[in-house]
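Have a look at my_file.cif below; it lists mmCIF, C-alpha atoms and all ligand atoms.
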```
data_protein
#
loop_
_atom_site.label_atom_id
_atom_site.label_comp_id
_atom_site.auth_asym_id
_atom_site.auth_seq_id
_atom_site.Cartn_x
_atom_site.Cartn_y
_atom_site.Cartn_z
CA MET A 9 75.23 -59.87 47.10
CA ASP A 10 74.88 -57.19 49.76
CA THR A 11 72.14 -54.64 49.21
CA VAL A 12 71.70 -51.03 50.26
CA VAL A 13 68.95 -48.42 50.23
CA LEU A 14 69.81 -45.77 47.65
CA GLY A 15 69.22 -42.76 49.87
CA ARG A 16 65.90 -40.99 49.63
CA THR A 17 64.82 -42.95 46.55
CA GLY A 18 64.04 -45.77 48.99
CA LEU A 19 65.12 -48.25 46.29
CA GLU A 20 66.92 -51.30 47.61
CA VAL A 21 69.76 -52.10 45.21
CA SER A 22 72.89 -54.24 45.01
CA VAL A 23 76.07 -52.61 46.34
CA ALA A 24 77.76 -53.56 43.06
CA GLY A 25 76.34 -51.82 40.01
CA LEU A 26 77.11 -52.78 36.42
CA GLY A 27 78.67 -49.79 34.62
CA CYS A 28 78.02 -49.98 30.89
CA GLY A 29 80.26 -47.06 29.91
CA GLY A 30 83.85 -46.18 30.77
CA HIS A 31 86.72 -47.55 28.70
CA SER A 32 85.05 -50.95 28.27
CA ARG A 33 81.39 -50.27 27.44
CA LEU A 34 80.49 -53.92 28.17
CA GLY A 35 83.32 -54.90 25.85
CA GLN A 36 81.97 -52.90 22.90
CA ALA A 37 85.06 -50.68 23.09
CA THR A 38 87.36 -53.66 22.64
CA GLY A 39 85.58 -55.59 19.91
CA ALA A 40 83.09 -57.74 21.80
CA THR A 41 80.04 -58.86 19.85
CA GLU A 42 76.62 -57.74 21.00
CA GLU A 43 75.94 -61.31 22.14
CA GLU A 44 79.04 -61.27 24.33
CA SER A 45 77.96 -58.00 25.92
CA VAL A 46 74.44 -59.32 26.51
CA ARG A 47 76.06 -62.33 28.20
CA LEU A 48 77.84 -59.93 30.59
CA VAL A 49 74.51 -58.37 31.52
CA HIS A 50 73.01 -61.84 32.10
CA ARG A 51 75.96 -62.90 34.25
CA ALA A 52 75.68 -59.74 36.33
CA LEU A 53 72.01 -60.52 36.98
CA GLU A 54 72.87 -64.12 37.91
CA LEU A 55 75.39 -62.79 40.43
CA GLY A 56 72.75 -60.60 42.05
CA VAL A 57 73.36 -57.20 40.42
CA THR A 58 70.18 -55.12 40.51
CA TYR A 59 71.64 -51.75 39.50
CA ILE A 60 72.67 -51.07 35.90
CA ASP A 61 74.09 -47.75 34.72
CA THR A 62 74.13 -46.88 31.05
CA ALA A 63 73.79 -43.73 28.93
CA ARG A 64 72.73 -42.70 25.49
CA ALA A 65 76.34 -41.68 24.82
CA TYR A 66 77.74 -45.15 25.61
CA GLY A 67 75.81 -46.89 22.84
CA THR A 68 74.92 -49.69 25.27
CA GLU A 69 71.26 -48.94 26.04
CA GLU A 70 70.05 -51.41 23.42
CA ILE A 71 72.29 -54.15 24.82
CA VAL A 72 70.94 -53.48 28.31
CA GLY A 73 67.40 -53.59 26.92
CA ARG A 74 68.11 -56.97 25.28
CA GLY A 75 69.85 -58.30 28.38
CA LEU A 76 66.95 -57.37 30.65
CA ALA A 77 64.21 -58.89 28.48
CA GLY A 78 61.83 -60.70 30.85
CA GLN A 79 63.72 -59.47 33.92
CA ARG A 80 63.17 -55.71 33.73
CA ASP A 81 61.35 -55.48 37.04
CA GLN A 82 64.25 -57.01 38.99
CA VAL A 83 66.57 -54.16 38.10
CA VAL A 84 66.97 -50.44 38.72
CA ILE A 85 67.99 -48.82 35.43
CA SER A 86 70.05 -45.64 35.39
CA THR A 87 70.64 -43.78 32.13
CA LYS A 88 71.60 -40.27 31.04
CA ALA A 89 71.54 -37.40 28.56
CA HIS A 90 74.31 -34.84 28.06
CA PRO A 91 73.17 -31.27 28.76
CA GLN A 92 75.35 -30.10 25.89
CA GLY A 93 73.58 -30.69 22.56
CA ASP A 94 75.18 -30.61 19.10
CA GLY A 95 74.48 -26.96 18.45
CA GLY A 96 74.53 -25.59 22.01
CA PRO A 97 72.98 -26.36 25.38
CA LEU A 98 70.33 -29.10 25.22
CA THR A 99 66.81 -27.76 24.91
CA PRO A 100 63.94 -29.14 27.03
CA ARG A 101 62.41 -30.53 23.85
CA ALA A 102 65.62 -32.34 22.87
CA LEU A 103 65.87 -33.68 26.42
CA ARG A 104 62.34 -35.10 26.14
CA GLU A 105 63.26 -36.74 22.82
CA SER A 106 66.38 -38.19 24.42
CA VAL A 107 64.38 -39.71 27.28
CA GLN A 108 61.89 -41.19 24.82
CA LEU A 109 64.70 -42.65 22.72
CA SER A 110 66.29 -44.15 25.82
CA LEU A 111 62.97 -45.77 26.78
CA ARG A 112 62.70 -47.38 23.34
CA ARG A 113 66.28 -48.63 23.37
CA LEU A 114 65.93 -49.97 26.90
CA ARG A 115 62.60 -51.61 25.98
CA THR A 116 60.88 -50.16 29.01
CA ASP A 117 58.22 -47.60 29.87
CA ARG A 118 60.16 -45.89 32.66
CA VAL A 119 63.72 -45.06 33.63
CA ASP A 120 64.32 -45.41 37.36
CA VAL A 121 67.22 -42.97 37.71
CA PHE A 122 67.75 -40.37 34.98
CA HIS A 123 70.99 -38.37 35.00
CA LEU A 124 72.10 -35.21 33.39
CA HIS A 125 75.44 -36.56 32.19
CA GLY A 126 78.92 -35.24 32.91
CA VAL A 127 77.79 -31.73 33.78
CA ASP A 128 80.32 -28.88 33.63
CA VAL A 129 79.87 -26.24 36.29
CA GLY A 130 79.38 -23.66 33.51
CA LEU A 131 76.27 -25.50 32.29
CA TYR A 132 74.81 -26.10 35.72
CA GLU A 133 72.49 -23.08 35.79
CA HIS A 134 71.07 -24.12 32.40
CA CYS A 135 70.45 -27.59 33.83
CA VAL A 136 68.55 -26.28 36.83
CA GLY A 137 66.69 -23.49 35.06
CA GLU A 138 65.75 -25.22 31.78
CA LEU A 139 66.16 -28.98 32.06
CA VAL A 140 65.07 -29.83 35.60
CA PRO A 141 61.51 -28.50 35.01
CA GLU A 142 61.26 -30.77 31.95
CA LEU A 143 62.57 -33.73 33.94
CA GLN A 144 59.96 -33.00 36.58
CA ARG A 145 57.23 -33.01 33.91
CA LEU A 146 58.56 -36.33 32.60
CA ARG A 147 58.49 -37.67 36.14
CA ALA A 148 54.86 -36.56 36.57
CA GLU A 149 54.05 -38.42 33.33
CA GLY A 150 55.70 -41.60 34.67
CA ALA A 151 58.58 -41.73 32.17
CA LEU A 152 61.19 -41.48 34.92
CA ARG A 153 61.22 -41.89 38.66
CA PHE A 154 64.23 -40.07 40.14
CA LEU A 155 66.42 -37.15 39.04
CA ALA A 156 70.19 -37.49 39.09
CA ILE A 157 73.33 -35.67 38.02
CA SER A 158 76.82 -36.95 37.23
CA GLU A 159 80.04 -34.99 37.26
CA ARG A 160 82.92 -34.85 34.71
CA PHE A 161 85.47 -36.25 37.11
CA GLY A 162 88.35 -36.15 34.61
CA ALA A 163 87.92 -32.41 34.08
CA ASP A 164 86.57 -31.58 37.55
CA PRO A 165 88.44 -33.86 39.98
CA GLY A 166 87.79 -31.49 42.90
CA HIS A 167 83.96 -31.73 42.52
CA THR A 168 83.24 -28.04 41.83
CA MET A 169 80.01 -28.79 39.96
CA LEU A 170 78.64 -31.29 42.50
CA GLN A 171 79.36 -28.95 45.40
CA ARG A 172 77.19 -26.37 43.63
CA ALA A 173 74.49 -28.92 42.73
CA LEU A 174 74.20 -30.17 46.29
CA LEU A 175 73.05 -26.71 47.41
CA ASP A 176 69.83 -27.41 45.48
CA ASP A 177 67.16 -29.85 46.50
CA CYS A 178 66.17 -31.37 43.17
CA TRP A 179 68.65 -34.26 42.96
CA ASP A 180 67.73 -37.67 44.33
CA VAL A 181 70.96 -39.37 43.22
CA VAL A 182 74.45 -38.19 42.27
CA MET A 183 77.27 -39.99 40.51
CA VAL A 184 80.68 -39.05 41.87
CA GLY A 185 84.27 -39.96 41.08
CA PHE A 186 85.99 -41.48 44.10
CA ASN A 187 89.02 -43.70 44.42
CA LEU A 188 91.99 -44.31 46.67
CA LEU A 189 94.16 -41.91 44.61
CA ASN A 190 91.70 -39.01 44.89
CA PRO A 191 89.41 -39.38 47.89
CA SER A 192 88.41 -35.69 47.93
CA ALA A 193 84.69 -36.55 47.75
CA ARG A 194 85.10 -37.69 51.36
CA ASP A 195 85.15 -34.09 52.59
CA ARG A 196 83.53 -32.25 49.70
CA VAL A 197 80.59 -34.41 48.61
CA PHE A 198 79.66 -37.17 51.05
CA PRO A 199 78.87 -34.90 54.04
CA LEU A 200 76.38 -33.04 51.82
CA THR A 201 74.79 -36.16 50.33
CA GLN A 202 74.51 -37.75 53.76
CA ASP A 203 72.91 -34.61 55.16
CA LYS A 204 70.24 -34.64 52.43
CA ASN A 205 69.97 -38.44 52.18
CA ILE A 206 70.87 -38.37 48.48
CA GLY A 207 71.72 -41.64 46.77
CA VAL A 208 75.38 -41.99 45.71
CA GLU A 209 76.87 -44.03 42.89
CA VAL A 210 80.66 -44.13 42.82
CA MET A 211 82.46 -44.23 39.47
CA PHE A 212 86.23 -44.35 38.71
CA ALA A 213 86.89 -46.76 41.61
CA VAL A 214 89.56 -48.44 39.44
CA ARG A 215 89.72 -47.02 35.96
CA ARG A 216 93.13 -47.17 34.15
CA THR A 217 95.56 -46.05 36.83
CA LEU A 218 94.51 -48.71 39.29
CA SER A 219 94.17 -51.51 36.74
CA GLN A 220 97.42 -50.93 34.79
CA PRO A 221 100.66 -51.24 36.84
CA ASP A 222 102.76 -49.09 34.47
CA GLU A 223 100.20 -46.33 34.65
CA LEU A 224 100.16 -46.53 38.45
CA ARG A 225 103.97 -46.19 38.55
CA ARG A 226 103.80 -43.21 36.18
CA VAL A 227 101.20 -41.45 38.36
CA ALA A 228 103.20 -42.17 41.54
CA ARG A 229 106.32 -40.64 39.94
CA GLN A 230 104.29 -37.62 38.87
CA LEU A 231 102.92 -37.10 42.39
CA VAL A 232 106.47 -37.16 43.78
CA GLU A 233 107.80 -34.82 41.06
CA GLU A 234 104.97 -32.36 41.69
CA GLY A 235 105.64 -32.42 45.43
CA HIS A 236 102.33 -34.02 46.44
CA ILE A 237 104.15 -37.00 47.98
CA SER A 238 107.58 -36.67 49.56
CA GLU A 239 110.42 -38.66 48.04
CA GLY A 240 111.00 -41.84 49.97
CA ALA A 241 107.41 -42.01 51.26
CA ILE A 242 106.33 -44.26 48.39
CA ASP A 243 107.92 -47.22 46.61
CA LEU A 244 108.06 -46.00 43.01
CA ASP A 245 108.49 -49.53 41.66
CA ASP A 246 105.49 -50.89 43.54
CA PRO A 247 103.46 -47.93 44.83
CA LEU A 248 100.65 -49.94 46.42
CA GLY A 249 102.74 -52.97 47.39
CA PHE A 250 102.00 -52.31 51.05
CA LEU A 251 98.40 -53.41 50.38
CA LEU A 252 99.57 -56.81 49.16
CA ARG A 253 101.53 -58.21 52.06
CA PRO A 254 102.65 -61.87 51.90
CA GLY A 255 99.80 -64.16 52.86
CA ARG A 256 97.14 -61.69 51.83
CA ASN A 257 95.34 -62.77 48.68
CA GLY A 258 94.25 -59.97 46.43
CA SER A 259 95.31 -57.32 43.98
CA VAL A 260 95.34 -53.57 43.56
CA VAL A 261 92.03 -53.78 41.67
CA GLU A 262 90.45 -55.81 44.46
CA SER A 263 91.72 -53.37 47.11
CA ALA A 264 90.46 -50.39 45.12
CA TYR A 265 86.90 -51.71 44.85
CA ARG A 266 86.86 -52.60 48.56
CA PHE A 267 88.18 -49.16 49.43
CA ALA A 268 85.32 -47.48 47.54
CA ARG A 269 82.62 -49.82 48.78
CA HIS A 270 83.26 -49.18 52.44
CA GLU A 271 83.53 -45.40 52.29
CA PRO A 272 80.73 -43.93 54.44
CA GLY A 273 78.34 -42.18 52.07
CA CYS A 274 78.89 -44.51 49.11
CA HIS A 275 75.85 -46.63 48.23
CA VAL A 276 76.61 -48.32 44.90
CA VAL A 277 80.07 -48.95 43.43
CA LEU A 278 79.94 -49.19 39.65
CA THR A 279 82.20 -51.68 37.98
CA GLY A 280 82.81 -51.45 34.26
CA THR A 281 84.29 -54.33 32.30
CA GLY A 282 84.15 -56.25 29.08
CA ASN A 283 85.52 -59.37 30.70
CA LEU A 284 83.42 -62.05 32.42
CA ALA A 285 86.19 -63.15 34.78
CA HIS A 286 86.79 -59.53 35.82
CA LEU A 287 83.07 -59.07 36.43
CA GLU A 288 82.97 -62.08 38.74
CA ASP A 289 86.12 -61.00 40.63
CA ASN A 290 84.93 -57.41 40.97
CA ILE A 291 81.53 -58.34 42.34
CA SER A 292 83.25 -60.57 44.85
CA SER A 293 85.64 -57.71 45.81
CA ILE A 294 82.83 -55.20 46.25
CA ASN A 295 81.13 -57.69 48.57
CA SER A 296 84.29 -58.26 50.63
CA GLN A 297 85.31 -56.84 53.99
CA PRO A 298 86.82 -53.37 54.42
CA LEU A 299 90.57 -52.96 54.03
CA ALA A 300 92.51 -53.22 57.29
CA THR A 301 92.71 -50.02 59.34
CA GLU A 302 96.46 -49.69 58.79
CA GLU A 303 95.95 -50.06 55.02
CA VAL A 304 93.35 -47.30 54.98
CA GLU A 305 95.65 -45.12 57.11
CA GLY A 306 98.57 -45.77 54.75
CA LEU A 307 96.43 -44.68 51.81
CA ARG A 308 95.28 -41.59 53.68
CA ARG A 309 98.89 -40.57 54.43
CA LEU A 310 99.88 -40.90 50.78
CA PHE A 311 96.81 -39.70 48.89
CA GLY A 312 94.42 -38.17 51.45
CA HIS A 313 95.06 -34.64 50.17
CA VAL A 314 94.98 -35.38 46.41
CA ASP A 315 92.18 -33.59 44.57
CA HIS A 316 93.64 -32.89 41.12
CA LEU A 317 93.66 -36.23 39.29
CA SER A 318 91.00 -38.79 38.43
CA GLY A 319 92.99 -41.96 37.79
CA ASN A 320 91.47 -42.02 34.32
N1 LIG A 401 80.36 -38.79 33.98
C1 LIG A 401 79.75 -39.94 33.97
O1 LIG A 401 78.55 -39.97 34.06
C2 LIG A 401 80.55 -41.22 33.94
C3 LIG A 401 81.90 -41.20 33.58
C4 LIG A 401 82.60 -42.39 33.62
C5 LIG A 401 81.97 -43.56 33.99
N2 LIG A 401 80.65 -43.57 34.33
C6 LIG A 401 79.95 -44.81 34.73
O2 LIG A 401 80.72 -45.43 35.73
C7 LIG A 401 80.97 -46.78 35.37
C8 LIG A 401 82.25 -47.27 36.02
O3 LIG A 401 83.34 -46.58 35.44
P1 LIG A 401 84.47 -47.36 34.69
O4 LIG A 401 83.80 -48.45 33.91
O5 LIG A 401 85.27 -46.42 33.91
O6 LIG A 401 85.36 -47.73 35.88
P2 LIG A 401 85.99 -48.90 36.74
O7 LIG A 401 85.09 -50.02 37.06
O8 LIG A 401 86.59 -48.11 37.84
O9 LIG A 401 87.22 -49.40 35.83
C9 LIG A 401 87.01 -50.11 34.66
C10 LIG A 401 88.37 -50.34 33.98
O10 LIG A 401 89.14 -51.24 34.77
C11 LIG A 401 89.38 -52.46 34.04
N3 LIG A 401 89.12 -53.57 34.96
C12 LIG A 401 87.94 -53.83 35.59
N4 LIG A 401 88.07 -54.93 36.36
C13 LIG A 401 89.34 -55.37 36.24
C14 LIG A 401 90.05 -56.46 36.80
N5 LIG A 401 89.47 -57.30 37.67
N6 LIG A 401 91.35 -56.62 36.46
C15 LIG A 401 91.95 -55.75 35.61
N7 LIG A 401 91.32 -54.71 35.03
C16 LIG A 401 90.02 -54.51 35.34
C17 LIG A 401 88.40 -52.46 32.91
O11 LIG A 401 88.93 -53.17 31.80
P3 LIG A 401 88.34 -54.63 31.36
O12 LIG A 401 87.23 -54.36 30.42
O13 LIG A 401 89.53 -55.27 30.74
O14 LIG A 401 87.91 -55.33 32.60
C18 LIG A 401 88.22 -50.96 32.63
O15 LIG A 401 89.24 -50.48 31.81
C19 LIG A 401 80.99 -46.73 33.84
O16 LIG A 401 80.88 -48.00 33.26
C20 LIG A 401 79.81 -45.84 33.61
O17 LIG A 401 78.61 -46.59 33.76
C21 LIG A 401 79.94 -42.40 34.31
#
```
Show me, as structure tokens, the structure contained in the file I just sent.
Ligand SMILES: NC(=O)c1ccc[n+]([C@@H]2O[C@H](COP(=O)([O-])OP(=O)(O)OC[C@H]3O[C@@H](n4cnc5c(N)ncnc54)[C@H](OP(=O)(O)O)[C@@H]3O)[C@@H](O)[C@H]2O)c1
Amino acid sequence: MDTVVLGRTGLEVSVAGLGCGGHSRLGQATGATEEESVRLVHRALELGVTYIDTARAYGTEEIVGRGLAGQRDQVVISTKAHPQGDGGPLTPRALRESVQLSLRRLRTDRVDVFHLHGVDVGLYEHCVGELVPELQRLRAEGALRFLAISERFGADPGHTMLQRALLDDCWDVVMVGFNLLNPSARDRVFPLTQDKNIGVEVMFAVRRTLSQPDELRRVARQLVEEGHISEGAIDLDDPLGFLLRPGRNGSVVESAYRFARHEPGCHVVLTGTGNLAHLEDNISSINSQPLATEEVEGLRRLFGHVDHLSGN
């Protein structure tokens, strides 16, 4: 497993991070037992993963806590709270309760990276004005170590909120959507994070569009119909076939994780799965070499300007 320093946190972490949310939620979304999900956490640790991302909203904090029993200190734990509460914006008091609940579920006395989760640009000022001071108090008390923010990539695929957040100096880590279909973080987010040495976790490297061939064909057709790709520039039956030339082992999923891993500015690529074989393949992909230059150029010609879809 390759490792990387997560920006100004100074934490050395695995380049592959275990994502415990997304459509799989460690398999909880598709009927896995808790034991099966704990097994996924154990296998990730065996394979050298030292970064685990969960959230109160995923319902997987307790599984992570069980999976890390006796091995807590080997791992950097990232978790989150939504800034939108049930009856309105989250109050500082409710945020404190959420952090304390996360600590109990994770069976630990500190969270390494604590995110405000899926922040809409409209709630950003509330986050900075009301919630960041409380997070800073929690940090001073030792309950968390670094402050982080994640975007709502599905609703904000052009990174409006993160571009605003990166004008401030309070964030040590950001979680950003980035994939070969929408690489807009390359120009809009990574120059800012690199300038401030902010740690970057990439989410949505694969998601549905890049793991389901029918969905990929549908999105390719849509991009042509909307005029984002000219007709004839892409094979609508096999849109990413040019990445899988004869003699080259691999798959679209494998290419997509490699693409994200080697983007300058990306530290950790999260991989979310409920499937042990997928976990093993994905960790191997994230640790593989960059795509060939002509493959990256081909992707840039087709999708380099896309900033309006997430690949959800
Ligand atoms: N706003 C936020 O804060 C936010 C939002 C979304 C996600 N996240 C975090 O980011 C993490 C990563 O996101 P993600 O889990 O959605 O994305 P991902 O790793 O890009 O994609 C996961 C999806 O791809 C499938 N998949 C994975 N490996 C595969 C393989 N080898 N072959 C075929 N299909 C494969 C998974 O299904 P299987 O289960 O069948 O493998 C799952 O549906 C999440 O787990 C979560 O921790 C944060």
Using all atoms listed in the file, which residues of chain A come within 7 Å of ligand LIG 401 (chain A), and what is the closest atom pair for each, with the distance in Å to one decimal? Give it as CSV, sorted by chain and residue number.
```
residue,atom,partner,partner_atom,distance
A:Leu26,CA,A:LIG401,O16,6.9
A:Gly27,CA,A:LIG401,O16,3.2
A:Cys28,CA,A:LIG401,O16,4.2
A:Gly29,CA,A:LIG401,O16,3.5
A:Gly30,CA,A:LIG401,O5,3.5
A:His31,CA,A:LIG401,O15,5.0
A:Ser32,CA,A:LIG401,O12,4.6
A:Arg33,CA,A:LIG401,O16,6.3
A:Gly35,CA,A:LIG401,O12,6.0
A:Asp61,CA,A:LIG401,O17,4.8
A:Thr62,CA,A:LIG401,O17,5.2
A:His125,CA,A:LIG401,O1,5.0
A:Gly126,CA,A:LIG401,N1,4.0
A:Ser158,CA,A:LIG401,O1,4.7
A:Glu159,CA,A:LIG401,N1,5.0
A:Arg160,CA,A:LIG401,N1,4.8
A:Phe161,CA,A:LIG401,N1,6.5
A:Met183,CA,A:LIG401,O1,6.6
A:Met211,CA,A:LIG401,O2,4.3
A:Phe212,CA,A:LIG401,O8,3.9
A:Ala213,CA,A:LIG401,O8,4.0
A:Val214,CA,A:LIG401,O8,3.4
A:Arg215,CA,A:LIG401,O9,3.5
A:Arg216,CA,A:LIG401,O15,5.6
A:Ser219,CA,A:LIG401,N7,4.6
A:Val261,CA,A:LIG401,C14,5.9
A:Leu278,CA,A:LIG401,C8,4.7
A:Thr279,CA,A:LIG401,O7,3.5
A:Gly280,CA,A:LIG401,O4,3.2
A:Thr281,CA,A:LIG401,O12,3.5
A:Gly282,CA,A:LIG401,O12,3.9
A:Asn283,CA,A:LIG401,O14,5.1
A:His286,CA,A:LIG401,N5,3.9
A:Leu287,CA,A:LIG401,N4,6.5
A:Asp289,CA,A:LIG401,N5,5.8
A:Asn290,CA,A:LIG401,N5,5.6
```
Computed interatomic separation between CA of Glu234 (chain A) and CA of Asp315 (chain A) (Å):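 Separation of CA of Glu234 (chain A) and CA of Asp315 (chain A): 13.2 Å.
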A:Val277, A:Ile237, A:Leu114, A:Val119 ranked by distance to Gly185 (chain A), top pick (using all atoms listed in the file):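 Once distances to Gly185 (chain A) are computed over all atoms listed in the file, the minimum belongs to A:Val277.
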Distance in Å - CA of Pro298 (chain A) versus CA of Arg266 (chain A):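 Between CA of Pro298 (chain A) and CA of Arg266 (chain A) the gap works out to 5.9 Å.
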d(CA of Glu302 (chain A), CA of His316 (chain A)) in Å: 24.5 Å
Nearest to Ala163 (chain A), chosen from A:Leu317, A:Val57, A:Cys178, A:Val227, with only C-alpha atoms counted in the distances: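 Between A:Leu317, A:Val57, A:Cys178, A:Val227, the residue approaching Ala163 (chain A) most closely is A:Leu317.
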Residues within 8 Å of region 305-310 of chain A, all atoms listed in the file, excluding chain neighbours under 6 positions, as a list in words: Leu188, Ile237, Ala241 and Ile242 of chain A
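Ranking A:Thr68, A:Asn205, A:Ser263, A:Ser110 by their shortest atom-to-atom distance to Val13 (chain A), with only C-alpha atoms included, puts A:Asn205 first.
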Asp246 (chain A) environment, 9 Å, all atoms listed in the file, sequence neighbours closer than 2 positions dropped, as an MDAnalysis selection string: chainID A and resid 221 224:225 242:244 248:250
Test item: residues at most 9 Å from Ile291 (chain A), only C-alpha atoms, excluding those fewer than 6 positions along its chain, as a ChimeraX atom specification: /A:9,23-25,52,55,57,265,279
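Within 9 Å of region 76-84 of chain A, once only C-alpha atoms are used and residues closer than 5 positions along the same chain are dropped, the contacting residues are Leu19, Glu20, Val21, Val46, Val49, His50, Leu53, Val57, Thr58, Tyr59, Ile60, Asp61, Ile71, Leu114, Arg115, Thr116, Val119, Asp120 and Val121 of chain A.
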Only C-alpha atoms, please: the residues just picked out, written as a PDB file, in the frame of the given file.
```
ATOM      1  CA  LEU A  19      65.120 -48.250  46.290  1.00  0.00           C
ATOM      2  CA  GLU A  20      66.920 -51.300  47.610  1.00  0.00           C
ATOM      3  CA  VAL A  21      69.760 -52.100  45.210  1.00  0.00           C
ATOM      4  CA  VAL A  46      74.440 -59.320  26.510  1.00  0.00           C
ATOM      5  CA  VAL A  49      74.510 -58.370  31.520  1.00  0.00           C
ATOM      6  CA  HIS A  50      73.010 -61.840  32.100  1.00  0.00           C
ATOM      7  CA  LEU A  53      72.010 -60.520  36.980  1.00  0.00           C
ATOM      8  CA  VAL A  57      73.360 -57.200  40.420  1.00  0.00           C
ATOM      9  CA  THR A  58      70.180 -55.120  40.510  1.00  0.00           C
ATOM     10  CA  TYR A  59      71.640 -51.750  39.500  1.00  0.00           C
ATOM     11  CA  ILE A  60      72.670 -51.070  35.900  1.00  0.00           C
ATOM     12  CA  ASP A  61      74.090 -47.750  34.720  1.00  0.00           C
ATOM     13  CA  ILE A  71      72.290 -54.150  24.820  1.00  0.00           C
ATOM     14  CA  LEU A 114      65.930 -49.970  26.900  1.00  0.00           C
ATOM     15  CA  ARG A 115      62.600 -51.610  25.980  1.00  0.00           C
ATOM     16  CA  THR A 116      60.880 -50.160  29.010  1.00  0.00           C
ATOM     17  CA  VAL A 119      63.720 -45.060  33.630  1.00  0.00           C
ATOM     18  CA  ASP A 120      64.320 -45.410  37.360  1.00  0.00           C
ATOM     19  CA  VAL A 121      67.220 -42.970  37.710  1.00  0.00           C
TER      20      VAL A 121
END
```
Pick from A:Gly75, A:Gly18, A:Pro141, A:Pro91 nearest to Ile157 (chain A), counting only C-alpha atoms: A:Pro91
